[in-house]
file input-v1.csv (CSV, C-alpha atoms)
chain,number,residue,atom,x,y,z
A,287,MET,CA,-19.0,-3.3,14.3
A,288,ARG,CA,-17.4,0.1,13.7
A,289,GLU,CA,-17.1,1.3,10.1
A,290,ILE,CA,-14.3,3.2,8.5
A,291,VAL,CA,-14.1,4.4,4.9
A,292,LEU,CA,-11.0,3.3,3.0
A,293,ALA,CA,-9.8,6.1,0.7
A,294,THR,CA,-9.1,3.9,-2.3
A,295,ARG,CA,-10.8,2.6,-5.4
A,296,ASN,CA,-8.4,-0.3,-5.6
A,297,PRO,CA,-10.4,-3.5,-5.0
A,298,GLY,CA,-7.3,-5.4,-4.1
A,299,LYS,CA,-6.4,-3.0,-1.3
A,300,LEU,CA,-10.0,-3.0,0.0
A,301,ALA,CA,-10.2,-6.8,0.2
A,302,GLU,CA,-6.7,-7.2,1.7
A,303,MET,CA,-7.2,-4.5,4.3
A,304,GLY,CA,-10.8,-5.3,5.0
A,305,GLU,CA,-9.8,-8.8,6.2
A,306,ILE,CA,-7.3,-7.3,8.7
A,307,ALA,CA,-9.8,-4.7,9.9
A,308,ALA,CA,-12.4,-7.4,10.6
A,309,GLU,CA,-9.9,-8.9,13.1
A,310,PHE,CA,-10.4,-5.7,15.1
A,311,GLY,CA,-14.2,-5.6,14.7
A,312,ILE,CA,-14.0,-2.9,12.1
A,313,ARG,CA,-15.7,-3.0,8.7
A,314,LEU,CA,-14.0,-1.1,5.9
A,315,LEU,CA,-16.3,0.7,3.5
A,316,PRO,CA,-15.4,1.6,-0.1
A,317,LEU,CA,-14.9,5.2,-0.9
A,318,PRO,CA,-18.2,6.6,-2.2
A,319,ASP,CA,-18.2,7.2,-5.9
A,320,ASP,CA,-19.1,10.9,-5.5
A,321,VAL,CA,-16.1,11.6,-3.3
A,322,ALA,CA,-13.2,13.0,-5.3
A,323,MET,CA,-9.7,12.3,-4.0
A,324,PRO,CA,-7.0,15.0,-4.2
A,325,GLU,CA,-4.0,14.7,-6.4
A,326,GLU,CA,-1.1,13.0,-4.6
A,327,THR,CA,1.1,16.1,-4.7
A,328,GLY,CA,3.1,15.3,-1.6
A,329,THR,CA,6.7,14.4,-1.7
A,330,THR,CA,6.4,11.8,1.0
A,331,TYR,CA,4.1,8.9,1.7
A,332,LEU,CA,2.9,10.6,4.9
A,333,GLU,CA,1.9,13.8,3.0
A,334,ASN,CA,0.0,11.8,0.4
A,335,ALA,CA,-1.8,9.6,2.9
A,336,ARG,CA,-2.8,12.6,5.0
A,337,LEU,CA,-4.1,14.5,1.9
A,338,LYS,CA,-6.4,11.6,1.1
A,339,ALA,CA,-7.5,10.8,4.7
A,340,ARG,CA,-8.3,14.5,5.5
A,341,ALA,CA,-10.1,15.1,2.2
A,342,GLY,CA,-12.2,11.9,2.6
A,343,CYS,CA,-13.1,12.8,6.2
A,344,ALA,CA,-14.1,16.3,5.2
A,345,ALA,CA,-16.3,15.0,2.3
A,346,THR,CA,-18.0,12.2,4.2
A,347,GLY,CA,-18.0,13.3,7.9
A,348,LEU,CA,-16.8,9.7,8.6
A,349,ALA,CA,-13.6,8.2,9.8
A,350,VAL,CA,-11.4,7.7,6.8
A,351,LEU,CA,-8.3,5.5,6.4
A,352,ALA,CA,-5.8,6.3,3.7
A,353,ASP,CA,-2.5,4.8,2.8
A,354,ASP,CA,0.4,5.6,0.5
A,355,SER,CA,2.8,3.0,-0.3
A,356,GLY,CA,5.5,2.1,-2.7
A,357,ILE,CA,8.5,0.0,-3.5
A,358,GLU,CA,12.0,1.3,-2.9
A,359,VAL,CA,14.8,-0.3,-4.9
A,360,ASP,CA,18.3,0.3,-3.4
A,361,SER,CA,20.2,0.2,-6.7
A,362,LEU,CA,17.8,2.9,-8.1
A,363,GLY,CA,18.4,5.2,-5.1
A,364,GLY,CA,15.1,4.3,-3.5
A,365,ALA,CA,13.0,4.8,-6.7
A,366,PRO,CA,10.3,4.5,-7.7
A,367,GLY,CA,9.3,5.2,-4.0
A,368,VAL,CA,6.5,7.6,-3.5
A,369,TYR,CA,6.0,7.6,-7.3
A,370,SER,CA,5.5,3.8,-7.5
A,371,ALA,CA,1.9,3.9,-8.8
A,372,ARG,CA,2.7,6.3,-11.6
A,373,PHE,CA,6.3,5.2,-12.3
A,374,SER,CA,5.7,4.6,-16.0
A,375,GLY,CA,4.0,8.0,-16.5
A,376,GLU,CA,0.5,9.1,-17.3
A,377,GLY,CA,-1.9,6.2,-17.7
A,378,ALA,CA,0.5,3.9,-15.8
A,379,THR,CA,-0.6,0.3,-15.3
A,380,ASP,CA,0.9,-2.4,-13.1
A,381,ALA,CA,2.2,-4.2,-16.2
A,382,ARG,CA,3.9,-1.0,-17.5
A,383,ASN,CA,5.3,-0.1,-14.1
A,384,ASN,CA,6.8,-3.6,-13.7
A,385,ALA,CA,8.2,-3.6,-17.3
A,386,LEU,CA,9.9,-0.2,-16.6
A,387,LEU,CA,11.3,-1.4,-13.3
A,388,LEU,CA,12.9,-4.5,-15.0
A,389,GLU,CA,14.2,-2.3,-17.8
A,390,ARG,CA,15.8,0.1,-15.3
A,391,LEU,CA,17.4,-2.7,-13.4
A,392,GLY,CA,18.7,-4.6,-16.4
A,393,GLN,CA,21.2,-7.2,-15.3
A,394,THR,CA,22.0,-5.4,-12.1
A,395,ARG,CA,23.0,-7.9,-9.4
A,396,GLN,CA,22.1,-5.6,-6.5
A,397,ARG,CA,18.3,-6.1,-6.4
A,398,SER,CA,17.5,-5.5,-2.7
A,399,ALA,CA,14.2,-3.6,-2.2
A,400,ARG,CA,11.5,-3.0,0.2
A,401,TYR,CA,7.8,-2.1,0.2
A,402,ARG,CA,6.9,0.8,2.5
A,403,ALA,CA,3.4,1.7,3.7
A,404,VAL,CA,2.3,4.7,5.6
A,405,LEU,CA,-1.3,4.8,6.9
A,406,VAL,CA,-3.3,7.7,8.2
A,407,LEU,CA,-6.7,7.4,9.9
A,408,THR,CA,-8.5,10.8,10.3
A,409,SER,CA,-11.8,11.2,12.2
A,410,ARG,CA,-13.5,13.8,14.3
A,411,GLU,CA,-11.8,12.4,17.3
A,412,GLY,CA,-8.3,12.8,16.0
A,413,GLU,CA,-5.6,11.5,13.6
A,414,TRP,CA,-3.4,8.4,13.9
A,415,THR,CA,-0.5,7.3,11.7
A,416,ALA,CA,1.5,4.1,11.4
A,417,GLN,CA,4.1,2.7,9.0
A,418,ASP,CA,6.0,-0.4,8.2
A,419,THR,CA,8.3,-2.0,5.6
A,420,TRP,CA,8.7,-5.4,4.0
A,421,GLU,CA,12.2,-6.4,2.9
A,422,GLY,CA,12.8,-8.3,-0.2
A,423,GLU,CA,14.5,-8.4,-3.7
A,424,ILE,CA,13.4,-7.7,-7.2
A,425,LEU,CA,13.1,-10.8,-9.4
A,426,LYS,CA,14.3,-10.8,-13.1
A,427,GLU,CA,10.9,-11.9,-14.3
A,428,PRO,CA,7.4,-11.9,-12.9
A,429,ARG,CA,6.1,-14.9,-10.9
A,430,GLY,CA,2.6,-15.7,-9.6
A,431,GLN,CA,-0.9,-14.5,-10.3
A,432,GLY,CA,-2.0,-13.0,-7.0
A,433,GLY,CA,-1.6,-9.5,-5.5
A,434,PHE,CA,-1.3,-6.3,-7.4
A,435,GLY,CA,1.3,-3.7,-8.2
A,436,TYR,CA,4.8,-5.0,-8.0
A,437,ASP,CA,3.9,-8.2,-6.3
A,438,PRO,CA,4.9,-10.5,-9.2
A,439,LEU,CA,8.5,-9.0,-9.0
A,440,PHE,CA,8.9,-8.9,-5.3
A,441,LEU,CA,10.8,-11.9,-3.9
A,442,VAL,CA,10.2,-12.6,-0.2
A,443,PRO,CA,13.6,-14.4,0.6
A,444,GLU,CA,12.5,-16.0,3.8
A,445,LEU,CA,9.5,-17.6,2.0
A,446,GLY,CA,11.3,-18.3,-1.2
A,447,CYS,CA,8.6,-17.0,-3.4
A,448,ALA,CA,7.2,-13.8,-5.0
A,449,SER,CA,4.6,-11.8,-3.1
A,450,ALA,CA,2.2,-12.7,-6.0
A,451,GLU,CA,2.6,-16.4,-5.2
A,452,LEU,CA,1.3,-15.9,-1.6
A,453,THR,CA,-2.3,-16.4,-0.6
A,454,ARG,CA,-4.0,-13.3,0.6
A,455,GLU,CA,-3.8,-14.6,4.2
A,456,GLU,CA,0.0,-15.2,3.9
A,457,LYS,CA,0.5,-11.8,2.3
A,458,SER,CA,-1.5,-10.1,5.0
A,459,ARG,CA,0.7,-11.7,7.8
A,460,HIS,CA,4.0,-10.6,6.2
A,461,SER,CA,3.3,-7.4,4.2
A,462,HIS,CA,4.2,-3.8,4.9
A,463,ARG,CA,0.6,-2.8,4.7
A,464,GLY,CA,-0.7,-5.6,6.9
A,465,LYS,CA,1.8,-4.9,9.6
A,466,ALA,CA,1.2,-1.1,9.5
A,467,LEU,CA,-2.6,-1.6,9.6
A,468,ARG,CA,-2.5,-3.9,12.6
A,469,ARG,CA,-0.2,-1.4,14.4
A,470,LEU,CA,-2.6,1.5,13.5
A,471,LEU,CA,-5.8,-0.3,14.5
A,472,GLY,CA,-4.1,-1.3,17.8
A,473,LEU,CA,-3.4,2.4,18.4
A,474,VAL,CA,-7.0,3.4,17.7
A,475,GLN,CA,-8.3,0.6,20.0
A,476,ASP,CA,-6.1,1.9,22.8
A,477,ALA,CA,-7.2,5.6,22.3
call {"tool": "encode", "arguments": {"input": "input-v1.csv", "output": "structure tokens"}}
result
Amino acid sequence: MREIVLATRNPGKLAEMGEIAAEFGIRLLPLPDDVAMPEETGTTYLENARLKARAGCAATGLAVLADDSGIEVDSLGGAPGVYSARFSGEGATDARNNALLLERLGQTRQRSARYRAVLVLTSREGEWTAQDTWEGEILKEPRGQGGFGYDPLFLVPELGCASAELTREEKSRHSHRGKALRRLLGLVQDA
């Protein structure tokens, strides 16, 4: 089984993406504790994912997979977007980010949104990228106990539930990150 380092310290992402990678005969390894990730100074998801993948590859000498993802709310002009993880400022947490999103939306009726994920895999052999989206709406209050980030507020209309109410397998099939990762690993297999 081929091994790739995942440039994150988020255990939810590692578990979620690790299951998909296993479908391709790839084992995702956690980022070593001694590898520092650069600040996400990019203004796009691609720039941030590339920063992390290249820094991780340079530090470890191994193939490194990085993602940058966020939620884009139409009535907020696409915000929080690339700033989703730090939407509520320094020391942001999922709970604070979700509370701020609900505050900003208030009673707005237009609640359409999408998750977007951009992935970059950097190795000595080259660099591959893939991206995808997941369309939905923002709920008026959190639902479900699963997932992470904005999942308790993200309604999946065709399934009639919040992303946080899905099993990890269901989320993997439908999510922006799951679709982008399958696309990326397919490209790598074909290379």
call {"tool": "closest_residue", "arguments": {"input": "input-v1.csv", "among": "A:Arg382, A:Ala341, A:Leu471, A:Trp414", "to": "Arg313 (chain A)", "atoms": "all atoms listed in the file"}}
result
A:Leu471
call {"tool": "residues_around", "arguments": {"input": "input-v1.csv", "residues": "region 389-397 of chain A", "least_positions_apart": "2", "cutoff": "7 Å", "atoms": "all atoms listed in the file", "output": "PyMOL selection string"}}
result
chain A and resi 359+361+385-387+399+423-424
call {"tool": "closest_residue", "arguments": {"input": "input-v1.csv", "among": "A:Ala352, A:Leu441, A:Ala448, A:Val368", "to": "Val406 (chain A)", "atoms": "only C-alpha atoms"}}
result
A:Ala352
call {"tool": "residues_around", "arguments": {"input": "input-v1.csv", "residues": "region 450-463 of chain A", "least_positions_apart": "6", "cutoff": "6 Å", "atoms": "only C-alpha atoms", "output": "list in words"}}
result
Arg402, Ala403, Asp418, Thr419, Trp420, Gly430, Gln431, Gly432, Gly433, Asp437 and Pro438 of chain A
call {"tool": "atom_distance", "arguments": {"input": "input-v1.csv", "atom1": "CA of Lys299 (chain A)", "atom2": "CA of Leu351 (chain A)"}}
result
11.6 Å
call {"tool": "atom_distance", "arguments": {"input": "input-v1.csv", "atom1": "CA of Arg295 (chain A)", "atom2": "CA of Pro316 (chain A)"}}
result
7.1 Å
call {"tool": "atom_distance", "arguments": {"input": "input-v1.csv", "atom1": "CA of Glu444 (chain A)", "atom2": "CA of Ile306 (chain A)"}}
result
22.2 Å
call {"tool": "closest_residue", "arguments": {"input": "input-v1.csv", "among": "A:Val474, A:Leu362, A:Asp354, A:Phe310", "to": "Ala339 (chain A)", "atoms": "all atoms listed in the file"}}
result
A:Asp354
call {"tool": "closest_residue", "arguments": {"input": "input-v1.csv", "among": "A:Glu333, A:Asp320, A:Glu427, A:Asp353", "to": "Leu388 (chain A)", "atoms": "all atoms listed in the file"}}
result
A:Glu427
call {"tool": "closest_residue", "arguments": {"input": "input-v1.csv", "among": "A:Ala293, A:Gln417, A:Leu332, A:Gly375", "to": "Gly464 (chain A)", "atoms": "all atoms listed in the file"}}
result
A:Gln417
call {"tool": "closest_residue", "arguments": {"input": "input-v1.csv", "among": "A:Val291, A:Ala308, A:Ala381, A:Ile357", "to": "Gly342 (chain A)", "atoms": "all atoms listed in the file"}}
result
A:Val291
call {"tool": "residues_around", "arguments": {"input": "input-v1.csv", "residues": "Thr329 (chain A)", "least_positions_apart": "4", "cutoff": "12 Å", "atoms": "only C-alpha atoms", "output": "PyMOL selection string"}}
result
chain A and resi 325+333-337+354+367-369
call {"tool": "residues_around", "arguments": {"input": "input-v1.csv", "residues": "Tyr436 (chain A)", "least_positions_apart": "5", "cutoff": "9 Å", "atoms": "all atoms listed in the file", "output": "list of chain:residue names"}}
result
A:Gly356, A:Ile357, A:Ser370, A:Asp380, A:Ala381, A:Asn383, A:Asn384, A:Pro428, A:Ser449, A:Ala450
call {"tool": "residues_near_point", "arguments": {"input": "input-v1.csv", "point": "(-15.6, 7.3, 14.9)", "cutoff": "9 Å", "atoms": "all atoms listed in the file", "output": "count of residues only"}}
result
8
